[in-house]
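Data from structure-v4.cif: mmCIF, C-alpha atoms
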```cif
data_upload
#
loop_
_atom_site.group_PDB
_atom_site.id
_atom_site.type_symbol
_atom_site.label_atom_id
_atom_site.label_comp_id
_atom_site.auth_asym_id
_atom_site.auth_seq_id
_atom_site.Cartn_x
_atom_site.Cartn_y
_atom_site.Cartn_z
ATOM 1 C CA MET A 173 0.000 0.000 0.000
ATOM 2 C CA ASP A 174 1.252 3.495 -0.853
ATOM 3 C CA GLN A 175 2.734 5.300 2.183
ATOM 4 C CA ASN A 176 0.581 8.425 1.614
ATOM 5 C CA VAL A 177 -2.556 6.272 1.596
ATOM 6 C CA LYS A 178 -1.420 4.656 4.856
ATOM 7 C CA LEU A 179 -0.812 8.093 6.396
ATOM 8 C CA ASN A 180 -4.272 9.310 5.350
ATOM 9 C CA ASP A 181 -5.839 6.132 6.721
ATOM 10 C CA LEU A 182 -4.112 6.617 10.085
ATOM 11 C CA MET A 183 -4.983 10.328 10.184
ATOM 12 C CA PHE A 184 -8.697 9.672 9.606
ATOM 13 C CA LYS A 185 -8.697 6.693 11.971
ATOM 14 C CA ALA A 186 -7.345 9.028 14.685
ATOM 15 C CA LEU A 187 -9.911 11.708 13.778
ATOM 16 C CA ASP A 188 -12.759 9.170 13.905
ATOM 17 C CA HIS A 189 -11.547 7.857 17.271
ATOM 18 C CA ALA A 190 -11.390 11.415 18.636
ATOM 19 C CA ILE A 191 -14.878 12.286 17.369
ATOM 20 C CA ASP A 192 -16.292 9.042 18.804
ATOM 21 C CA SER A 193 -14.712 9.910 22.161
ATOM 22 C CA ILE A 194 -16.581 13.212 22.468
ATOM 23 C CA ALA A 195 -19.825 12.411 20.617
ATOM 24 C CA SER A 196 -21.420 11.042 23.785
ATOM 25 C CA GLY A 197 -20.681 14.257 25.671
ATOM 26 C CA GLY A 198 -17.290 13.312 27.102
ATOM 27 C CA GLU A 199 -14.018 15.153 26.809
ATOM 28 C CA LEU A 200 -11.277 14.130 24.425
ATOM 29 C CA VAL A 201 -8.057 13.003 26.062
ATOM 30 C CA THR A 202 -5.154 14.050 23.822
ATOM 31 C CA PHE A 203 -3.552 10.997 22.213
ATOM 32 C CA VAL A 204 -0.917 9.779 19.787
ATOM 33 C CA MET A 205 -1.891 6.913 17.496
ATOM 34 C CA THR A 206 0.539 4.810 15.475
ATOM 35 C CA GLU A 207 -0.149 1.786 13.324
ATOM 36 C CA ASN A 208 0.342 -0.434 16.397
ATOM 37 C CA ASN A 209 -0.331 1.697 19.474
ATOM 38 C CA LEU A 210 -2.509 4.334 21.128
ATOM 39 C CA GLN A 211 -1.017 6.449 23.917
ATOM 40 C CA ARG A 212 -3.182 8.921 25.895
ATOM 41 C CA PHE A 213 -1.925 11.989 27.779
ATOM 42 C CA VAL A 214 -3.957 12.930 30.845
ATOM 43 C CA THR A 215 -2.772 16.180 32.418
ATOM 44 C CA SER A 216 -4.344 19.122 34.197
ATOM 45 C CA THR A 217 -4.466 21.327 31.053
ATOM 46 C CA LEU A 218 -4.950 20.873 27.319
ATOM 47 C CA ASP A 219 -1.713 22.735 26.572
ATOM 48 C CA GLU A 220 0.255 20.436 28.858
ATOM 49 C CA SER A 221 -1.302 17.311 27.318
ATOM 50 C CA LYS A 222 -0.438 18.540 23.799
ATOM 51 C CA GLU A 223 3.118 19.320 24.922
ATOM 52 C CA ARG A 224 3.550 15.842 26.440
ATOM 53 C CA ALA A 225 2.063 14.203 23.342
ATOM 54 C CA GLU A 226 4.439 16.135 21.077
ATOM 55 C CA GLU A 227 7.420 15.135 23.252
ATOM 56 C CA TYR A 228 6.286 11.509 23.067
ATOM 57 C CA LEU A 229 5.901 11.777 19.298
ATOM 58 C CA ILE A 230 9.445 13.142 18.872
ATOM 59 C CA GLY A 231 10.835 10.252 20.917
ATOM 60 C CA LEU A 232 8.993 7.458 19.086
ATOM 61 C CA LYS A 233 11.351 4.779 17.827
ATOM 62 C CA GLY A 234 10.569 2.149 15.232
ATOM 63 C CA GLU A 235 7.437 3.871 13.921
ATOM 64 C CA THR A 236 7.060 5.314 10.438
ATOM 65 C CA LEU A 237 3.612 6.908 10.825
ATOM 66 C CA ALA A 238 1.925 8.711 13.707
ATOM 67 C CA ALA A 239 -1.094 10.933 14.355
ATOM 68 C CA LEU A 240 -1.683 13.279 17.298
ATOM 69 C CA ALA A 241 -5.284 14.253 18.118
ATOM 70 C CA TYR A 242 -6.535 16.948 20.485
ATOM 71 C CA GLU A 243 -9.500 19.216 21.122
ATOM 72 C CA GLY A 244 -9.491 22.965 20.569
ATOM 73 C CA TYR A 245 -11.174 25.854 18.798
ATOM 74 C CA LEU A 246 -11.117 26.872 15.162
ATOM 75 C CA THR A 247 -12.117 30.380 14.081
ATOM 76 C CA LEU A 248 -13.471 30.761 10.561
ATOM 77 C CA GLU A 249 -14.716 34.062 9.201
ATOM 78 C CA GLY A 250 -14.966 35.471 12.720
ATOM 79 C CA THR A 251 -16.945 32.512 14.116
ATOM 80 C CA LYS A 252 -15.376 30.325 16.797
ATOM 81 C CA PHE A 253 -16.080 26.569 16.562
ATOM 82 C CA ASN A 254 -15.300 23.603 18.762
ATOM 83 C CA ALA A 255 -12.970 21.352 16.767
ATOM 84 C CA VAL A 256 -10.917 18.197 16.874
ATOM 85 C CA PHE A 257 -7.436 18.634 15.405
ATOM 86 C CA THR A 258 -5.349 15.793 14.020
ATOM 87 C CA LYS A 259 -1.691 16.132 13.019
ATOM 88 C CA ALA A 260 -0.273 13.220 11.029
ATOM 89 C CA PHE A 261 3.351 12.530 10.167
ATOM 90 C CA ASP A 262 5.356 10.153 8.006
ATOM 91 C CA VAL A 263 8.974 9.725 9.128
ATOM 92 C CA ASN A 264 10.117 10.008 5.488
ATOM 93 C CA GLU A 265 8.425 13.357 4.751
ATOM 94 C CA GLU A 266 9.574 16.897 5.611
ATOM 95 C CA LYS A 267 6.042 18.089 6.376
ATOM 96 C CA GLY A 268 3.012 16.574 8.027
ATOM 97 C CA VAL A 269 -0.692 17.276 7.686
ATOM 98 C CA LEU A 270 -2.929 19.136 10.156
ATOM 99 C CA ILE A 271 -6.683 18.810 9.732
ATOM 100 C CA ALA A 272 -9.593 19.999 11.858
ATOM 101 C CA GLN A 273 -13.158 18.790 12.161
ATOM 102 C CA ARG A 274 -15.678 21.292 13.529
ATOM 103 C CA TYR A 275 -18.493 20.098 15.760
ATOM 104 C CA GLU A 276 -21.315 21.278 18.017
ATOM 105 C CA PRO A 277 -21.049 19.580 21.424
ATOM 106 C CA LYS A 278 -23.841 17.608 22.989
ATOM 107 C CA GLY A 279 -25.954 19.687 25.358
ATOM 108 C CA PHE A 280 -28.958 19.284 27.618
ATOM 109 C CA LEU A 281 -31.486 19.182 24.761
ATOM 110 C CA LYS A 282 -28.988 19.164 21.921
ATOM 111 C CA LYS A 283 -27.405 16.264 20.063
ATOM 112 C CA PHE A 284 -23.724 16.152 19.117
ATOM 113 C CA ASN A 285 -23.366 17.402 15.554
ATOM 114 C CA ILE A 286 -20.513 17.354 13.037
ATOM 115 C CA VAL A 287 -20.200 20.693 11.208
ATOM 116 C CA GLY A 288 -19.017 20.476 7.610
ATOM 117 C CA ASN A 289 -16.135 18.318 6.457
ATOM 118 C CA PRO A 290 -12.601 17.988 7.801
ATOM 119 C CA ALA A 291 -10.539 20.994 6.732
ATOM 120 C CA LEU A 292 -6.862 21.088 5.830
ATOM 121 C CA ILE A 293 -5.295 23.675 8.144
ATOM 122 C CA GLU A 294 -1.599 23.456 7.276
ATOM 123 C CA HIS A 295 1.417 21.277 6.591
ATOM 124 C CA PRO A 296 3.404 21.520 9.852
ATOM 125 C CA SER A 297 7.100 20.686 10.130
ATOM 126 C CA ASN A 298 7.781 17.049 10.862
ATOM 127 C CA PRO A 299 8.998 16.618 14.480
ATOM 128 C CA TRP A 300 11.018 13.568 13.396
ATOM 129 C CA LYS A 301 13.161 15.725 11.062
#
```

Go ahead and render the structure in this file as structure tokens.
Amino acid sequence: MDQNVKLNDLMFKALDHAIDSIASGGELVTFVMTENNLQRFVTSTLDESKERAEEYLIGLKGETLAALAYEGYLTLEGTKFNAVFTKAFDVNEEKGVLIAQRYEPKGFLKKFNIVGNPALIEHPSNPWK
């Protein structure tokens, strides 16, 4: 299978896992997913969990693909949305892929709702390079 196809598969698998985690009204625990592992990062703040996940990602040995997923906010045209962000990296590429999926959280009389399609945000530098 082509490496880019494998990276996209992992990236969307991580995004789906993240969305499933919060669809029932729970909070997303930041995680790093590889082809063979899922590591969660429970800390007192989102920023700290992202920092720990990024440190873990940099130190991964023996992996060629990885995806980091976390919760945050995305502002589009002046409107702030809840979003799940997924960064995916291939050890052989200079840049990764960062996507975001907007959503409306579950509320008292409100169902969880996906807003639009996943959006390409940027191509971040690869932490393995």

> What does the PyMOL selection byres ((chain A and resi 278) around 9) select in this file, as JSON, numbers by chain?
Replying inline: {"A": [194, 195, 196, 197, 198, 276, 277, 279, 280, 281, 282, 283, 284, 285]}

Could you write those residues out with C-alpha atoms, as a PDB file, in the frame of the given file?
```pdb
ATOM      1  CA  ILE A 194     -16.581  13.212  22.468  1.00  0.00           C
ATOM      2  CA  ALA A 195     -19.825  12.411  20.617  1.00  0.00           C
ATOM      3  CA  SER A 196     -21.420  11.042  23.785  1.00  0.00           C
ATOM      4  CA  GLY A 197     -20.681  14.257  25.671  1.00  0.00           C
ATOM      5  CA  GLY A 198     -17.290  13.312  27.102  1.00  0.00           C
ATOM      6  CA  GLU A 276     -21.315  21.278  18.017  1.00  0.00           C
ATOM      7  CA  PRO A 277     -21.049  19.580  21.424  1.00  0.00           C
ATOM      8  CA  GLY A 279     -25.954  19.687  25.358  1.00  0.00           C
ATOM      9  CA  PHE A 280     -28.958  19.284  27.618  1.00  0.00           C
ATOM     10  CA  LEU A 281     -31.486  19.182  24.761  1.00  0.00           C
ATOM     11  CA  LYS A 282     -28.988  19.164  21.921  1.00  0.00           C
ATOM     12  CA  LYS A 283     -27.405  16.264  20.063  1.00  0.00           C
ATOM     13  CA  PHE A 284     -23.724  16.152  19.117  1.00  0.00           C
ATOM     14  CA  ASN A 285     -23.366  17.402  15.554  1.00  0.00           C
TER      15      ASN A 285
END
```

> Counting all atoms listed in the file, which of A:Lys301, A:Lys178, A:His189, A:His295 gets nearest to Met205 in chain A?
Replying inline: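 When distances to Met205 in chain A are compared using all atoms listed in the file, the smallest one comes from A:His189.
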
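Coordinates place CA of Val287 in chain A at a distance of 25.3 Å from CA of Ala238 in chain A.
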
> Once the PyMOL selection byres ((chain A and resi 265) around 10) has been applied to the shown file, what residues remain in the selection, as a PyMOL selection string?
Replying inline: chain A and resi 176+236+261-264+266-268+297-298+300-301

>> Given only C-alpha atoms as the basis, pick out the residue of A:Ala272, A:Leu237, A:Ala186, A:Ile230 nearest to Pro299 in chain A.
In response: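 For Pro299 in chain A, the nearest of the candidates is A:Ile230.
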
> Which distance in Å separates CA of Tyr228 in chain A and CA of Gln211 in chain A, to one decimal?
Replying inline: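 So the answer is 8.9 Å.
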
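You will find CA of Lys252 in chain A at 23.3 Å from CA of Phe203 in chain A.
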